[in-house]
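What follows is work-v2.txt (compact mmCIF, C-alpha atoms).
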```txt
# COMPACT_ATOMS: atom_id res chain seq x y z
CA MET O 909 0.00 0.00 0.00
CA ASN O 910 1.50 3.29 -1.13
CA ILE O 911 0.48 6.45 0.64
CA ASP O 912 0.48 9.69 -1.32
CA TRP O 913 1.92 11.84 1.46
CA SER O 914 1.51 15.10 -0.40
CA LEU O 915 -2.21 14.39 -0.84
CA LEU O 916 -2.54 13.47 2.85
CA ILE O 917 -0.78 16.65 3.95
CA ALA O 918 -2.93 18.72 1.59
CA ALA O 919 -6.09 17.10 3.01
CA VAL O 920 -5.02 17.84 6.59
CA GLY O 921 -4.19 21.42 5.63
CA LEU O 922 -7.58 21.84 3.97
CA ALA O 923 -9.28 20.42 7.06
CA PHE O 924 -7.53 23.08 9.17
CA VAL O 925 -8.69 25.80 6.77
CA PHE O 926 -12.30 24.62 7.00
CA GLU O 927 -12.09 24.25 10.77
CA GLY O 928 -10.72 27.77 11.13
CA LEU O 929 -13.22 29.51 8.86
CA PRO O 930 -16.09 29.78 11.37
CA TYR O 931 -13.78 31.20 14.04
CA PHE O 932 -12.42 33.79 11.62
CA LEU O 933 -15.73 34.76 10.02
CA PHE O 934 -17.96 34.58 13.11
CA ALA O 935 -15.57 35.30 15.98
CA GLU O 936 -18.24 37.16 17.97
CA ARG O 937 -20.82 34.36 17.68
CA MET O 938 -18.56 31.35 18.25
CA PRO O 939 -18.45 31.48 22.07
CA ARG O 940 -22.27 31.35 22.23
CA MET O 941 -22.38 28.57 19.66
CA LEU O 942 -19.80 26.54 21.58
CA LEU O 943 -21.74 27.02 24.83
CA ARG O 944 -24.90 25.86 23.06
CA LEU O 945 -23.09 22.79 21.71
CA ALA O 946 -21.71 22.02 25.17
CA THR O 947 -25.26 21.69 26.53
CA GLN O 948 -26.40 19.25 23.84
CA PRO O 949 -26.74 15.56 24.71
CA PRO O 950 -24.01 13.21 23.43
CA LYS O 951 -26.49 11.45 21.15
CA PHE O 952 -27.13 14.69 19.25
CA LEU O 953 -23.40 15.44 18.97
CA ARG O 954 -22.77 11.92 17.62
CA PHE O 955 -25.50 12.44 15.03
CA ILE O 956 -23.97 15.76 13.94
CA GLY O 957 -20.53 14.12 13.73
CA LEU O 958 -21.88 11.21 11.70
CA ALA O 959 -23.73 13.57 9.35
CA ALA O 960 -20.53 15.59 8.85
CA MET O 961 -18.52 12.45 8.07
CA ILE O 962 -21.11 11.21 5.58
CA LEU O 963 -21.23 14.62 3.91
CA GLY O 964 -17.44 14.65 3.72
CA LEU O 965 -17.36 11.21 2.14
CA LEU O 966 -19.99 12.24 -0.40
CA ILE O 967 -17.99 15.34 -1.30
CA LEU O 968 -14.81 13.27 -1.64
CA SER O 969 -16.61 10.76 -3.82
CA PHE O 970 -18.04 13.52 -5.99
CA GLY O 971 -14.63 15.20 -6.30
CA ARG O 972 -12.92 11.96 -7.31
CA SER O 973 -15.57 11.32 -9.95
CA LEU O 974 -14.69 14.65 -11.58
CA SER O 975 -11.11 13.59 -12.38
CA PHE O 976 -10.08 14.85 -15.79
```

Can you present the structure in this file as structure tokens?
Amino acid sequence: MNIDWSLLIAAVGLAFVFEGLPYFLFAERMPRMLLRLATQPPKFLRFIGLAAMILGLLILSFGRSLSF
């Protein structure tokens, strides 16, 4: 199994960009949003995490299907 390290590093970098966007764009609202998330039950947080992973896999699949 060969790992394309440059692709892996690019993916991690892109993940950091997407993770940082809400904090940069909505810096004033993020503390309230984080407090609201902290009060949610674990079941809801797991559902949100699962939905995000499925959406990410769908986007990856779509992106790979567009190869030229």

What lies within 12 Å of stretch 912-919 of chain O using only C-alpha atoms, ignoring chain neighbours under 6 positions off, as a PDB file with C-alpha atoms, keeping the file's coordinate frame?
```
ATOM      1  CA  VAL O 925      -8.690  25.800   6.770  1.00  0.00           C
ATOM      2  CA  PHE O 926     -12.300  24.620   7.000  1.00  0.00           C
ATOM      3  CA  GLY O 964     -17.440  14.650   3.720  1.00  0.00           C
ATOM      4  CA  LEU O 968     -14.810  13.270  -1.640  1.00  0.00           C
TER       5      LEU O 968
END
```

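The coordinates place atom CA of O:Phe924 at 16.5 Å from atom CA of O:Met938.
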
- Item | Gap from atom CA of O:Leu922 to atom CA of O:Ala946 - Å, one decimal | 25.5 Å

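Put simply, atom CA of O:Ser969 is 23.4 Å away from atom CA of O:Gly928.
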
Listed atoms of stretch 957-966 of chain O boxed axis-aligned with 5 Å per side, centre + edges as lines of an AutoDock Vina configuration file:
```
center_x = -20.5
center_y = 13.4
center_z = 6.7
size_x = 16.4
size_y = 14.4
size_z = 24.1
```

Can you sort out stretch 940-961 of chain O so it carries N, CA, C and O atoms, written as a JSON list (two decimals), keeping the file's coordinate frame?
```json
[["chain", "number", "residue", "atom", "x", "y", "z"],
["O", 940, "ARG", "N", -20.88, 31.76, 21.94],
["O", 940, "ARG", "CA", -22.27, 31.35, 22.23],
["O", 940, "ARG", "C", -22.60, 30.02, 21.58],
["O", 940, "ARG", "O", -23.29, 29.19, 22.18],
["O", 941, "MET", "N", -22.12, 29.83, 20.35],
["O", 941, "MET", "CA", -22.38, 28.57, 19.66],
["O", 941, "MET", "C", -21.71, 27.39, 20.39],
["O", 941, "MET", "O", -22.31, 26.33, 20.54],
["O", 942, "LEU", "N", -20.49, 27.60, 20.86],
["O", 942, "LEU", "CA", -19.80, 26.54, 21.58],
["O", 942, "LEU", "C", -20.49, 26.22, 22.91],
["O", 942, "LEU", "O", -20.57, 25.05, 23.30],
["O", 943, "LEU", "N", -20.99, 27.25, 23.59],
["O", 943, "LEU", "CA", -21.74, 27.02, 24.83],
["O", 943, "LEU", "C", -23.02, 26.24, 24.54],
["O", 943, "LEU", "O", -23.40, 25.35, 25.30],
["O", 944, "ARG", "N", -23.68, 26.57, 23.44],
["O", 944, "ARG", "CA", -24.90, 25.86, 23.06],
["O", 944, "ARG", "C", -24.59, 24.40, 22.74],
["O", 944, "ARG", "O", -25.32, 23.49, 23.13],
["O", 945, "LEU", "N", -23.48, 24.16, 22.03],
["O", 945, "LEU", "CA", -23.09, 22.79, 21.71],
["O", 945, "LEU", "C", -22.73, 22.00, 22.97],
["O", 945, "LEU", "O", -23.00, 20.80, 23.06],
["O", 946, "ALA", "N", -22.12, 22.69, 23.94],
["O", 946, "ALA", "CA", -21.71, 22.02, 25.17],
["O", 946, "ALA", "C", -22.91, 21.52, 25.98],
["O", 946, "ALA", "O", -22.78, 20.59, 26.77],
["O", 947, "THR", "N", -24.08, 22.11, 25.77],
["O", 947, "THR", "CA", -25.26, 21.69, 26.53],
["O", 947, "THR", "C", -26.07, 20.61, 25.82],
["O", 947, "THR", "O", -27.05, 20.13, 26.37],
["O", 948, "GLN", "N", -25.66, 20.26, 24.61],
["O", 948, "GLN", "CA", -26.40, 19.25, 23.84],
["O", 948, "GLN", "C", -26.06, 17.85, 24.36],
["O", 948, "GLN", "O", -24.95, 17.59, 24.80],
["O", 949, "PRO", "N", -27.01, 16.93, 24.27],
["O", 949, "PRO", "CA", -26.74, 15.56, 24.71],
["O", 949, "PRO", "C", -25.76, 14.87, 23.75],
["O", 949, "PRO", "O", -25.70, 15.20, 22.55],
["O", 950, "PRO", "N", -24.99, 13.92, 24.26],
["O", 950, "PRO", "CA", -24.01, 13.21, 23.43],
["O", 950, "PRO", "C", -24.62, 12.57, 22.19],
["O", 950, "PRO", "O", -23.98, 12.53, 21.13],
["O", 951, "LYS", "N", -25.85, 12.09, 22.29],
["O", 951, "LYS", "CA", -26.49, 11.45, 21.15],
["O", 951, "LYS", "C", -26.63, 12.43, 19.98],
["O", 951, "LYS", "O", -26.39, 12.08, 18.83],
["O", 952, "PHE", "N", -26.99, 13.67, 20.28],
["O", 952, "PHE", "CA", -27.13, 14.69, 19.25],
["O", 952, "PHE", "C", -25.77, 15.01, 18.63],
["O", 952, "PHE", "O", -25.65, 15.15, 17.41],
["O", 953, "LEU", "N", -24.74, 15.13, 19.47],
["O", 953, "LEU", "CA", -23.40, 15.44, 18.97],
["O", 953, "LEU", "C", -22.87, 14.31, 18.08],
["O", 953, "LEU", "O", -22.22, 14.56, 17.06],
["O", 954, "ARG", "N", -23.17, 13.06, 18.46],
["O", 954, "ARG", "CA", -22.77, 11.92, 17.62],
["O", 954, "ARG", "C", -23.47, 11.97, 16.26],
["O", 954, "ARG", "O", -22.88, 11.69, 15.23],
["O", 955, "PHE", "N", -24.75, 12.33, 16.28],
["O", 955, "PHE", "CA", -25.50, 12.44, 15.03],
["O", 955, "PHE", "C", -24.90, 13.52, 14.13],
["O", 955, "PHE", "O", -24.73, 13.31, 12.93],
["O", 956, "ILE", "N", -24.57, 14.67, 14.70],
["O", 956, "ILE", "CA", -23.97, 15.76, 13.94],
["O", 956, "ILE", "C", -22.61, 15.31, 13.38],
["O", 956, "ILE", "O", -22.28, 15.58, 12.22],
["O", 957, "GLY", "N", -21.83, 14.62, 14.19],
["O", 957, "GLY", "CA", -20.53, 14.12, 13.73],
["O", 957, "GLY", "C", -20.68, 13.12, 12.60],
["O", 957, "GLY", "O", -19.94, 13.16, 11.61],
["O", 958, "LEU", "N", -21.64, 12.20, 12.74],
["O", 958, "LEU", "CA", -21.88, 11.21, 11.70],
["O", 958, "LEU", "C", -22.35, 11.88, 10.41],
["O", 958, "LEU", "O", -21.87, 11.55, 9.31],
["O", 959, "ALA", "N", -23.24, 12.85, 10.54],
["O", 959, "ALA", "CA", -23.73, 13.57, 9.35],
["O", 959, "ALA", "C", -22.57, 14.30, 8.66],
["O", 959, "ALA", "O", -22.48, 14.30, 7.43],
["O", 960, "ALA", "N", -21.68, 14.90, 9.43],
["O", 960, "ALA", "CA", -20.53, 15.59, 8.85],
["O", 960, "ALA", "C", -19.60, 14.61, 8.13],
["O", 960, "ALA", "O", -19.09, 14.92, 7.04],
["O", 961, "MET", "N", -19.38, 13.44, 8.72],
["O", 961, "MET", "CA", -18.52, 12.45, 8.07],
["O", 961, "MET", "C", -19.14, 11.94, 6.78],
["O", 961, "MET", "O", -18.45, 11.80, 5.77]]
```
